[in-house]
>>> print(open('work.txt').read())   # compact mmCIF, C-alpha atoms and all ligand atoms
# COMPACT_ATOMS: atom_id res chain seq x y z
CA MET B 26 -16.20 -1.36 -24.88
CA THR B 27 -17.27 0.52 -21.73
CA GLU B 28 -14.80 2.83 -20.02
CA GLY B 29 -13.12 1.53 -16.90
CA LYS B 30 -13.33 3.42 -13.61
CA LEU B 31 -9.63 4.38 -13.95
CA GLN B 32 -9.55 4.65 -17.75
CA ASP B 33 -6.12 5.87 -18.98
CA ARG B 34 -4.95 6.89 -15.52
CA VAL B 35 -1.32 6.08 -14.76
CA ALA B 36 -0.98 4.26 -11.44
CA VAL B 37 2.11 3.29 -9.47
CA ILE B 38 1.63 0.40 -7.06
CA THR B 39 4.67 -0.40 -4.92
CA GLY B 40 5.17 -3.93 -3.62
CA ALA B 41 3.02 -5.19 -6.49
CA ALA B 42 4.88 -8.44 -7.19
CA GLN B 43 2.61 -10.42 -4.84
CA GLY B 44 -0.07 -10.15 -2.16
CA LEU B 45 -2.19 -7.04 -1.87
CA GLY B 46 -0.12 -4.95 -4.28
CA GLU B 47 -0.54 -7.56 -7.01
CA ALA B 48 -4.32 -7.66 -6.45
CA ILE B 49 -4.49 -3.83 -6.59
CA ALA B 50 -2.42 -3.73 -9.81
CA ARG B 51 -4.64 -6.35 -11.45
CA ARG B 52 -7.84 -4.55 -10.42
CA TYR B 53 -6.62 -1.13 -11.52
CA ALA B 54 -5.50 -2.53 -14.88
CA ALA B 55 -8.88 -4.23 -15.32
CA GLU B 56 -10.45 -0.77 -14.83
CA GLY B 57 -8.36 0.74 -17.63
CA ALA B 58 -5.37 2.14 -15.71
CA ARG B 59 -1.83 1.88 -17.04
CA VAL B 60 -0.05 0.33 -14.09
CA ALA B 61 3.56 0.36 -12.94
CA VAL B 62 4.16 -2.91 -11.07
CA VAL B 63 6.92 -1.65 -8.76
CA ASP B 64 8.89 -4.10 -6.62
CA VAL B 65 12.34 -4.98 -5.38
CA ASN B 66 11.63 -8.51 -6.65
CA ILE B 67 11.82 -7.69 -10.36
CA ALA B 68 11.38 -11.28 -11.58
CA ALA B 69 8.04 -11.60 -9.79
CA ALA B 70 7.02 -8.06 -10.85
CA GLU B 71 7.73 -9.00 -14.48
CA SER B 72 5.58 -12.08 -14.19
CA VAL B 73 2.64 -10.03 -12.78
CA ALA B 74 3.05 -7.35 -15.47
CA SER B 75 3.19 -9.95 -18.29
CA SER B 76 0.08 -11.65 -17.01
CA ILE B 77 -1.79 -8.30 -16.90
CA VAL B 78 -0.67 -7.57 -20.48
CA ALA B 79 -1.74 -11.07 -21.54
CA SER B 80 -5.25 -10.30 -20.25
CA GLY B 81 -5.42 -7.13 -22.34
CA GLY B 82 -4.19 -4.56 -19.80
CA VAL B 83 -1.29 -2.11 -19.83
CA ALA B 84 1.43 -2.83 -17.27
CA LEU B 85 5.12 -2.15 -16.81
CA ALA B 86 7.39 -3.95 -14.34
CA VAL B 87 9.67 -1.48 -12.57
CA ALA B 88 12.58 -2.51 -10.33
CA CYS B 89 12.77 -0.39 -7.19
CA ASP B 90 13.95 -0.61 -3.61
CA VAL B 91 11.57 1.87 -2.00
CA ALA B 92 13.96 2.31 0.94
CA SER B 93 16.42 4.09 -1.39
CA ARG B 94 15.72 7.65 -2.55
CA SER B 95 17.78 7.24 -5.74
CA SER B 96 16.06 3.97 -6.62
CA VAL B 97 12.62 5.61 -6.16
CA ASP B 98 13.61 8.61 -8.30
CA GLU B 99 14.85 6.31 -11.08
CA ALA B 100 11.70 4.17 -10.92
CA ALA B 101 9.47 7.26 -11.05
CA ALA B 102 11.38 8.63 -14.06
CA GLN B 103 11.10 5.27 -15.86
CA THR B 104 7.35 5.13 -15.19
CA VAL B 105 6.75 8.65 -16.50
CA ALA B 106 8.92 8.00 -19.59
CA GLU B 107 7.11 4.76 -20.46
CA LEU B 108 3.55 5.28 -19.20
CA GLY B 109 3.14 9.05 -18.77
CA PRO B 110 2.63 11.38 -15.75
CA ILE B 111 1.55 9.57 -12.58
CA ASP B 112 -2.09 10.16 -11.49
CA ILE B 113 -2.34 7.56 -8.71
CA LEU B 114 0.22 6.42 -6.13
CA VAL B 115 -0.45 3.36 -3.98
CA SER B 116 2.38 3.05 -1.48
CA ASN B 117 2.06 -0.55 -0.40
CA ALA B 118 5.53 -2.18 -0.28
CA GLY B 119 6.21 -3.54 3.16
CA VAL B 120 8.25 -5.88 5.32
CA THR B 121 8.00 -7.17 8.86
CA ARG B 122 10.95 -7.84 11.18
CA PRO B 123 9.25 -9.17 14.32
CA ALA B 124 10.98 -9.17 17.72
CA MET B 125 9.98 -8.30 21.25
CA LEU B 126 11.03 -4.75 21.99
CA TRP B 127 13.73 -5.73 24.44
CA LYS B 128 15.41 -7.86 21.77
CA MET B 129 14.85 -5.66 18.71
CA THR B 130 18.06 -4.74 16.87
CA ASP B 131 18.83 -1.45 15.16
CA ASP B 132 18.76 -3.29 11.82
CA GLU B 133 15.24 -4.62 12.49
CA TRP B 134 14.10 -1.13 13.46
CA ASN B 135 15.77 0.59 10.49
CA GLN B 136 14.63 -1.89 7.82
CA VAL B 137 10.99 -1.48 8.80
CA MET B 138 11.15 2.31 9.17
CA ASP B 139 13.11 2.75 5.92
CA THR B 140 10.73 0.59 3.88
CA HIS B 141 7.38 1.84 5.16
CA VAL B 142 8.04 5.44 6.21
CA GLY B 143 11.07 6.21 4.03
CA GLY B 144 9.59 4.45 0.99
CA SER B 145 6.25 6.25 1.30
CA PHE B 146 7.95 9.64 1.79
CA TYR B 147 10.28 9.20 -1.20
CA TRP B 148 7.40 8.14 -3.46
CA LEU B 149 5.22 10.99 -2.16
CA GLN B 150 7.90 13.51 -3.07
CA ALA B 151 8.48 11.84 -6.44
CA VAL B 152 4.83 12.12 -7.57
CA VAL B 153 3.61 15.36 -5.99
CA PRO B 154 5.33 18.01 -8.19
CA SER B 155 3.66 16.80 -11.39
CA MET B 156 0.31 16.17 -9.63
CA ARG B 157 0.39 19.76 -8.32
CA GLU B 158 1.07 21.13 -11.80
CA ARG B 159 -1.80 19.08 -13.22
CA LYS B 160 -4.03 19.81 -10.17
CA TYR B 161 -5.02 16.16 -9.83
CA GLY B 162 -3.83 13.16 -7.87
CA ARG B 163 -4.90 10.21 -5.75
CA ILE B 164 -2.44 9.03 -3.10
CA ILE B 165 -3.12 5.98 -0.95
CA PHE B 166 -0.84 4.79 1.84
CA THR B 167 -1.01 1.32 3.36
CA THR B 168 -1.11 1.36 7.12
CA SER B 169 -2.24 -1.38 9.53
CA ALA B 170 -4.28 -2.13 12.61
CA ALA B 171 -0.87 -2.34 14.30
CA GLY B 172 -0.47 1.41 13.82
CA ILE B 173 -3.91 2.13 15.29
CA ILE B 174 -4.30 -0.27 18.22
CA GLY B 175 -0.72 -1.59 18.60
CA THR B 176 0.51 -5.15 18.44
CA VAL B 177 2.84 -7.52 20.28
CA GLY B 178 6.30 -8.32 18.92
CA GLN B 179 6.33 -5.70 16.17
CA LEU B 180 6.98 -2.33 17.80
CA ASN B 181 8.97 -1.21 14.74
CA TYR B 182 6.03 -2.02 12.44
CA ALA B 183 3.44 -0.38 14.72
CA VAL B 184 5.52 2.82 14.88
CA ALA B 185 6.03 2.85 11.09
CA LYS B 186 2.33 2.30 10.40
CA ALA B 187 1.28 4.95 12.95
CA GLY B 188 3.74 7.26 11.20
CA LEU B 189 1.94 6.65 7.92
CA LEU B 190 -1.32 7.82 9.50
CA GLY B 191 0.46 11.08 10.36
CA MET B 192 1.84 11.26 6.82
CA THR B 193 -1.66 10.71 5.40
CA ARG B 194 -3.21 13.51 7.47
CA ALA B 195 -0.36 16.01 7.06
CA ALA B 196 -0.08 15.44 3.31
CA ALA B 197 -3.89 15.56 2.94
CA ARG B 198 -3.93 19.00 4.58
CA GLU B 199 -0.97 20.35 2.59
CA LEU B 200 -2.27 19.06 -0.72
CA ALA B 201 -5.98 19.81 -0.20
CA PRO B 202 -5.87 23.07 -2.22
CA THR B 203 -4.24 21.30 -5.18
CA GLY B 204 -6.80 18.69 -6.25
CA ILE B 205 -4.81 15.84 -4.70
CA THR B 206 -6.42 13.57 -2.12
CA VAL B 207 -4.43 11.49 0.35
CA ASN B 208 -5.96 8.55 2.20
CA ALA B 209 -4.88 5.34 3.89
CA VAL B 210 -6.10 1.77 4.03
CA ALA B 211 -5.52 -0.49 7.04
CA PRO B 212 -6.05 -3.92 5.48
CA ALA B 213 -6.20 -7.51 6.60
CA ALA B 214 -5.89 -10.19 3.93
CA ALA B 215 -4.59 -13.65 3.19
CA THR B 216 -1.17 -12.87 1.70
CA PRO B 217 2.34 -14.29 2.16
CA MET B 218 2.94 -11.65 4.87
CA THR B 219 0.15 -13.03 7.06
CA GLU B 220 0.86 -16.71 6.47
CA THR B 221 2.28 -17.34 9.95
CA ILE B 222 -0.61 -15.76 11.87
CA ARG B 223 -3.10 -17.55 9.61
CA THR B 224 -1.55 -21.01 9.91
CA ASP B 225 0.57 -21.28 13.07
CA GLU B 226 -1.34 -23.06 15.86
CA ARG B 227 0.00 -20.53 18.37
CA PHE B 228 -1.74 -17.59 16.68
CA LYS B 229 -4.38 -18.61 14.17
CA ASP B 230 -7.48 -19.15 16.37
CA THR B 231 -6.87 -16.11 18.58
CA TYR B 232 -6.34 -13.92 15.56
CA LEU B 233 -9.43 -15.17 13.75
CA GLU B 234 -11.53 -14.58 16.87
CA SER B 235 -10.39 -10.94 16.83
CA ILE B 236 -12.01 -10.50 13.38
CA PRO B 237 -15.79 -9.99 13.77
CA LEU B 238 -16.42 -11.39 10.26
CA ARG B 239 -14.47 -14.52 11.36
CA ARG B 240 -12.62 -15.00 8.08
CA TRP B 241 -9.64 -13.67 6.19
CA ALA B 242 -10.26 -11.62 3.06
CA GLU B 243 -8.81 -12.56 -0.27
CA PRO B 244 -6.49 -9.77 -1.48
CA ASP B 245 -8.92 -8.80 -4.27
CA GLU B 246 -11.66 -8.09 -1.73
CA VAL B 247 -9.38 -5.52 -0.07
CA ALA B 248 -8.25 -4.17 -3.46
CA ALA B 249 -11.87 -3.04 -4.02
CA SER B 250 -11.40 -0.30 -1.39
CA TYR B 251 -8.16 0.83 -3.03
CA LEU B 252 -10.12 1.12 -6.28
CA PHE B 253 -12.78 3.23 -4.61
CA LEU B 254 -10.21 5.67 -3.16
CA ALA B 255 -8.36 5.96 -6.49
CA GLN B 256 -11.39 7.08 -8.49
CA GLU B 257 -12.01 10.64 -9.61
CA ASP B 258 -15.40 10.73 -7.90
CA ALA B 259 -13.84 9.97 -4.48
CA GLY B 260 -12.56 13.55 -4.62
CA TYR B 261 -14.35 14.76 -1.46
CA LEU B 262 -12.64 12.14 0.69
CA THR B 263 -9.21 13.03 2.06
CA GLY B 264 -7.11 12.47 5.18
CA GLN B 265 -9.06 9.32 6.09
CA CYS B 266 -8.09 5.80 7.00
CA LEU B 267 -10.35 2.95 5.89
CA SER B 268 -9.96 -0.17 8.02
CA VAL B 269 -10.70 -3.00 5.58
CA ASP B 270 -10.22 -5.76 8.10
CA GLY B 271 -13.47 -7.63 8.70
CA GLY B 272 -14.39 -5.20 11.50
CA ARG B 273 -11.31 -5.84 13.64
CA VAL B 274 -10.68 -2.14 14.31
CA MET B 275 -13.81 -0.11 15.00
CA VAL B 276 -12.41 2.68 17.11
CA ARG B 277 -9.62 5.18 16.79
N1 LIG K 301 -1.82 -8.72 4.55
C1 LIG K 301 -2.30 -8.10 5.62
O1 LIG K 301 -3.18 -8.62 6.33
C2 LIG K 301 -1.80 -6.74 5.99
C3 LIG K 301 -2.27 -6.16 7.18
C4 LIG K 301 -1.88 -4.88 7.50
C5 LIG K 301 -1.03 -4.19 6.64
N2 LIG K 301 -0.55 -4.78 5.53
C6 LIG K 301 0.33 -4.02 4.68
O2 LIG K 301 -0.06 -4.18 3.33
C7 LIG K 301 1.07 -4.06 2.48
C8 LIG K 301 1.14 -5.27 1.56
O3 LIG K 301 1.26 -6.42 2.37
P1 LIG K 301 1.13 -7.91 1.82
O4 LIG K 301 0.41 -8.65 2.88
O5 LIG K 301 0.66 -7.92 0.43
O6 LIG K 301 2.69 -8.33 1.91
P2 LIG K 301 3.58 -9.29 1.00
O7 LIG K 301 4.76 -9.64 1.83
O8 LIG K 301 2.76 -10.39 0.42
O9 LIG K 301 4.04 -8.34 -0.22
C9 LIG K 301 4.89 -7.25 0.01
C10 LIG K 301 5.58 -6.88 -1.29
O10 LIG K 301 6.43 -5.74 -1.02
C11 LIG K 301 7.67 -5.96 -1.67
N3 LIG K 301 8.74 -5.20 -0.98
C12 LIG K 301 9.24 -5.42 0.26
N4 LIG K 301 10.23 -4.55 0.52
C13 LIG K 301 10.36 -3.77 -0.59
C14 LIG K 301 11.22 -2.69 -0.94
N5 LIG K 301 12.17 -2.24 -0.09
N6 LIG K 301 11.08 -2.11 -2.15
C15 LIG K 301 10.12 -2.56 -3.02
N7 LIG K 301 9.29 -3.59 -2.76
C16 LIG K 301 9.41 -4.18 -1.55
C17 LIG K 301 7.90 -7.46 -1.58
O11 LIG K 301 8.88 -7.89 -2.54
C18 LIG K 301 6.50 -7.99 -1.86
O12 LIG K 301 6.27 -8.16 -3.24
C19 LIG K 301 2.27 -3.89 3.41
O13 LIG K 301 2.57 -2.52 3.55
C20 LIG K 301 1.78 -4.45 4.71
O14 LIG K 301 2.49 -3.92 5.82
C21 LIG K 301 -0.91 -6.05 5.19
>>> encode(input="work.txt", output="C-alpha cells")
Amino acid sequence: MTEGKLQDRVAVITGAAQGLGEAIARRYAAEGARVAVVDVNIAAAESVASSIVASGGVALAVACDVASRSSVDEAAAQTVAELGPIDILVSNAGVTRPAMLWKMTDDEWNQVMDTHVGGSFYWLQAVVPSMRERKYGRIIFTTSAAGIIGTVGQLNYAVAKAGLLGMTRAAARELAPTGITVNAVAPAAATPMTETIRTDERFKDTYLESIPLRRWAEPDEVAASYLFLAQEDAGYLTGQCLSVDGGRVMVR
C-alpha cells in the first residue's frame, strides 16, 4: 500500500461532526492520519469517527466545547493518550448568531467570540508546547470572507474571523523558529451553516452572483486546501490566508 500524504500524523479537527470539519477529517484519514473528530455534538462525532474506521481509517470521537478552556484541555489530553502527540491542528468549529448591529445582544456577541476566537486560542495553547518540543507542527485556522471584506448582519462573526487572521499572523511569527507553520483558510462551501444563504430566495441569487465561479463548492473540494496546508512539504508557507471561495475575495 502506498503511503498517504499525512501518514501516521495525529490530527485534531474541531467541529468535525458535520460540514467542512467532517470533510477534512475524512480526507486526512484517507491520507493516513490518525484523526480526532472533535465536536460538542458527540453523537454526530461518533458517527463520523465510526464511518472513518469502517473505511479502514483511524479516528477517535472526542467530546469538546471549544469555548471552554477546561473542556479543550481534557479533549487534548484524551487525544494524546489515545492517538499520540498532536502534529496537526485544524481549528474549524464555528457558530453564527446573526443580528443587525443595533439589535445584537451581549450573548450573541459572546457566543461567537468565545467559540471562534476563544476556541482557537485554547486549542493553540493546548497543542503548541508539544509541537515546540518536537520542532514540528501544522496549525490551520478557519476564517471567512466576512473577516476580510465584512458582511451585513453578522458583525460579531466578522470581528471574530478578522481576529483569527491576526491570530494566524502573530502565531506564525512567534512559532516560525520552531518548525511550526500557522495558516488560515477562508472557505465557502455547501454545508448546514450556509443553508439559508444558499436556499432562501432573499439571498441565494445575490450571493451566487458574488462568486465568480458561480457555484458552491462541496465541502471535500475545500478540504483539499486544508490537506495541502497540513502536509510536511508545505513547510515554507506560513502566516497566509487562502481564500477557497470560488474567487469571491481577490483582494486584501
Ligand atoms: N461553509 C461556509 O461557506 C463557510 C464560510 C466561511 C467560514 N466558514 C467557517 O468554517 C467552519 C466550519 O463551518 P461549516 O460550514 O462546516 O459549519 P457547520 O455548522 O456545518 O459545522 C460546524 C460544526 O462545529 C461544531 N461546533 C459548534 N460550536 C462548537 C463548540 N463550541 N465546540 C465544539 N464544536 C462546535 C458544530 O457542532 C458543527 O459540527 C466554521 O468556522 C465557519 O465559520 C464556513
>>> residues_near_ligand(input="work.txt", ligand="ligand LIG 301 (chain K)", cutoff="7 Å", atoms="all atoms listed in the file", output="ChimeraX atom specification")
/B:39-46,63-66,89-92,117-120,140-141,167-170,211-219
>>> residues_around(input="work.txt", residues="Leu85 (chain B)", least_positions_apart="4", cutoff="8 Å", atoms="only C-alpha atoms", output="count of residues only")
7
>>> closest_residue(input="work.txt", among="B:Glu56, B:Asp132, B:Glu28, B:Glu158", to="Thr203 (chain B)", atoms="all atoms listed in the file")
B:Glu158
>>> residues_around(input="work.txt", residues="Val177 (chain B)", least_positions_apart="3", cutoff="9 Å", atoms="all atoms listed in the file", output="ChimeraX atom specification")
/B:123-126,171,180
>>> write_last_selection(input="work.txt", atoms="C-alpha atoms", output="JSON list (two decimals), keeping the file's coordinate frame")
[["chain", "number", "residue", "atom", "x", "y", "z"],
["B", 123, "PRO", "CA", 9.25, -9.17, 14.32],
["B", 124, "ALA", "CA", 10.98, -9.17, 17.72],
["B", 125, "MET", "CA", 9.98, -8.30, 21.25],
["B", 126, "LEU", "CA", 11.03, -4.75, 21.99],
["B", 171, "ALA", "CA", -0.87, -2.34, 14.30],
["B", 180, "LEU", "CA", 6.98, -2.33, 17.80]]
>>> atom_distance(input="work.txt", atom1="CA of Glu47 (chain B)", atom2="CA of Ile77 (chain B)")
10.0 Å
>>> build_atoms(input="work.txt", residues="region 238-249 of chain B", atoms="all heavy atoms", output="PDB file, keeping the file's coordinate frame")
ATOM      1  N   LEU B 238     -15.878 -10.607  11.378  1.00  0.00           N
ATOM      2  CA  LEU B 238     -16.420 -11.390  10.260  1.00  0.00           C
ATOM      3  C   LEU B 238     -15.911 -12.833  10.252  1.00  0.00           C
ATOM      4  O   LEU B 238     -16.338 -13.643   9.415  1.00  0.00           O
ATOM      5  CB  LEU B 238     -16.107 -10.705   8.917  1.00  0.00           C
ATOM      6  CG  LEU B 238     -16.888  -9.416   8.636  1.00  0.00           C
ATOM      7  CD1 LEU B 238     -16.536  -8.846   7.265  1.00  0.00           C
ATOM      8  CD2 LEU B 238     -18.398  -9.631   8.715  1.00  0.00           C
ATOM      9  N   ARG B 239     -14.953 -13.145  11.151  1.00  0.00           N
ATOM     10  CA  ARG B 239     -14.470 -14.520  11.360  1.00  0.00           C
ATOM     11  C   ARG B 239     -13.917 -15.191  10.103  1.00  0.00           C
ATOM     12  O   ARG B 239     -14.063 -16.411   9.911  1.00  0.00           O
ATOM     13  CB  ARG B 239     -15.587 -15.423  11.920  1.00  0.00           C
ATOM     14  CG  ARG B 239     -16.014 -15.060  13.320  1.00  0.00           C
ATOM     15  CD  ARG B 239     -14.969 -15.471  14.380  1.00  0.00           C
ATOM     16  NE  ARG B 239     -15.487 -15.326  15.703  1.00  0.00           N
ATOM     17  CZ  ARG B 239     -15.508 -14.164  16.391  1.00  0.00           C
ATOM     18  NH1 ARG B 239     -14.999 -13.066  15.873  1.00  0.00           N
ATOM     19  NH2 ARG B 239     -16.018 -14.123  17.606  1.00  0.00           N
ATOM     20  N   ARG B 240     -13.302 -14.395   9.235  1.00  0.00           N
ATOM     21  CA  ARG B 240     -12.620 -15.000   8.080  1.00  0.00           C
ATOM     22  C   ARG B 240     -11.598 -14.011   7.569  1.00  0.00           C
ATOM     23  O   ARG B 240     -11.690 -12.804   7.831  1.00  0.00           O
ATOM     24  CB  ARG B 240     -13.620 -15.342   6.964  1.00  0.00           C
ATOM     25  CG  ARG B 240     -14.288 -14.121   6.361  1.00  0.00           C
ATOM     26  CD  ARG B 240     -15.248 -14.485   5.230  1.00  0.00           C
ATOM     27  NE  ARG B 240     -15.890 -13.276   4.703  1.00  0.00           N
ATOM     28  CZ  ARG B 240     -15.376 -12.484   3.784  1.00  0.00           C
ATOM     29  NH1 ARG B 240     -14.197 -12.745   3.267  1.00  0.00           N
ATOM     30  NH2 ARG B 240     -16.016 -11.400   3.369  1.00  0.00           N
ATOM     31  N   TRP B 241     -10.614 -14.519   6.839  1.00  0.00           N
ATOM     32  CA  TRP B 241      -9.640 -13.670   6.190  1.00  0.00           C
ATOM     33  C   TRP B 241     -10.159 -13.271   4.816  1.00  0.00           C
ATOM     34  O   TRP B 241     -10.793 -14.078   4.132  1.00  0.00           O
ATOM     35  CB  TRP B 241      -8.319 -14.433   6.026  1.00  0.00           C
ATOM     36  CG  TRP B 241      -7.563 -14.531   7.308  1.00  0.00           C
ATOM     37  CD1 TRP B 241      -7.651 -15.536   8.233  1.00  0.00           C
ATOM     38  CD2 TRP B 241      -6.634 -13.593   7.817  1.00  0.00           C
ATOM     39  NE1 TRP B 241      -6.817 -15.267   9.288  1.00  0.00           N
ATOM     40  CE2 TRP B 241      -6.173 -14.092   9.054  1.00  0.00           C
ATOM     41  CE3 TRP B 241      -6.117 -12.379   7.351  1.00  0.00           C
ATOM     42  CZ2 TRP B 241      -5.233 -13.419   9.839  1.00  0.00           C
ATOM     43  CZ3 TRP B 241      -5.178 -11.719   8.119  1.00  0.00           C
ATOM     44  CH2 TRP B 241      -4.746 -12.221   9.352  1.00  0.00           C
ATOM     45  N   ALA B 242      -9.856 -12.054   4.410  1.00  0.00           N
ATOM     46  CA  ALA B 242     -10.260 -11.620   3.060  1.00  0.00           C
ATOM     47  C   ALA B 242      -9.240 -12.124   2.050  1.00  0.00           C
ATOM     48  O   ALA B 242      -8.053 -12.261   2.356  1.00  0.00           O
ATOM     49  CB  ALA B 242     -10.291 -10.100   2.998  1.00  0.00           C
ATOM     50  N   GLU B 243      -9.720 -12.383   0.848  1.00  0.00           N
ATOM     51  CA  GLU B 243      -8.810 -12.560  -0.270  1.00  0.00           C
ATOM     52  C   GLU B 243      -8.284 -11.169  -0.636  1.00  0.00           C
ATOM     53  O   GLU B 243      -8.994 -10.165  -0.458  1.00  0.00           O
ATOM     54  CB  GLU B 243      -9.548 -13.169  -1.469  1.00  0.00           C
ATOM     55  CG  GLU B 243      -9.913 -14.630  -1.283  1.00  0.00           C
ATOM     56  CD  GLU B 243      -8.695 -15.489  -0.913  1.00  0.00           C
ATOM     57  OE1 GLU B 243      -7.626 -15.321  -1.539  1.00  0.00           O
ATOM     58  OE2 GLU B 243      -8.820 -16.312   0.024  1.00  0.00           O
ATOM     59  N   PRO B 244      -7.046 -11.085  -1.150  1.00  0.00           N
ATOM     60  CA  PRO B 244      -6.490  -9.770  -1.480  1.00  0.00           C
ATOM     61  C   PRO B 244      -7.399  -8.931  -2.389  1.00  0.00           C
ATOM     62  O   PRO B 244      -7.526  -7.714  -2.205  1.00  0.00           O
ATOM     63  CB  PRO B 244      -5.172 -10.118  -2.191  1.00  0.00           C
ATOM     64  CG  PRO B 244      -4.765 -11.422  -1.567  1.00  0.00           C
ATOM     65  CD  PRO B 244      -6.045 -12.162  -1.293  1.00  0.00           C
ATOM     66  N   ASP B 245      -8.088  -9.569  -3.329  1.00  0.00           N
ATOM     67  CA  ASP B 245      -8.920  -8.800  -4.270  1.00  0.00           C
ATOM     68  C   ASP B 245     -10.081  -8.092  -3.571  1.00  0.00           C
ATOM     69  O   ASP B 245     -10.531  -7.029  -3.988  1.00  0.00           O
ATOM     70  CB  ASP B 245      -9.446  -9.715  -5.371  1.00  0.00           C
ATOM     71  CG  ASP B 245     -10.153  -8.902  -6.442  1.00  0.00           C
ATOM     72  OD1 ASP B 245      -9.521  -7.982  -6.989  1.00  0.00           O
ATOM     73  OD2 ASP B 245     -11.341  -9.171  -6.698  1.00  0.00           O
ATOM     74  N   GLU B 246     -10.548  -8.693  -2.478  1.00  0.00           N
ATOM     75  CA  GLU B 246     -11.660  -8.090  -1.730  1.00  0.00           C
ATOM     76  C   GLU B 246     -11.199  -6.773  -1.087  1.00  0.00           C
ATOM     77  O   GLU B 246     -11.968  -5.813  -0.981  1.00  0.00           O
ATOM     78  CB  GLU B 246     -12.085  -9.096  -0.652  1.00  0.00           C
ATOM     79  CG  GLU B 246     -13.458  -8.908  -0.131  1.00  0.00           C
ATOM     80  CD  GLU B 246     -13.831 -10.017   0.853  1.00  0.00           C
ATOM     81  OE1 GLU B 246     -13.081 -11.007   0.993  1.00  0.00           O
ATOM     82  OE2 GLU B 246     -14.882  -9.867   1.482  1.00  0.00           O
ATOM     83  N   VAL B 247      -9.946  -6.740  -0.650  1.00  0.00           N
ATOM     84  CA  VAL B 247      -9.380  -5.520  -0.070  1.00  0.00           C
ATOM     85  C   VAL B 247      -9.043  -4.508  -1.182  1.00  0.00           C
ATOM     86  O   VAL B 247      -9.215  -3.300  -1.030  1.00  0.00           O
ATOM     87  CB  VAL B 247      -8.135  -5.852   0.775  1.00  0.00           C
ATOM     88  CG1 VAL B 247      -7.456  -4.590   1.251  1.00  0.00           C
ATOM     89  CG2 VAL B 247      -8.537  -6.718   1.967  1.00  0.00           C
ATOM     90  N   ALA B 248      -8.605  -5.044  -2.328  1.00  0.00           N
ATOM     91  CA  ALA B 248      -8.250  -4.170  -3.460  1.00  0.00           C
ATOM     92  C   ALA B 248      -9.444  -3.316  -3.897  1.00  0.00           C
ATOM     93  O   ALA B 248      -9.278  -2.215  -4.430  1.00  0.00           O
ATOM     94  CB  ALA B 248      -7.735  -5.004  -4.627  1.00  0.00           C
ATOM     95  N   ALA B 249     -10.666  -3.796  -3.642  1.00  0.00           N
ATOM     96  CA  ALA B 249     -11.870  -3.040  -4.020  1.00  0.00           C
ATOM     97  C   ALA B 249     -11.887  -1.672  -3.335  1.00  0.00           C
ATOM     98  O   ALA B 249     -12.325  -0.677  -3.926  1.00  0.00           O
ATOM     99  CB  ALA B 249     -13.115  -3.835  -3.634  1.00  0.00           C
TER     100      ALA B 249
END
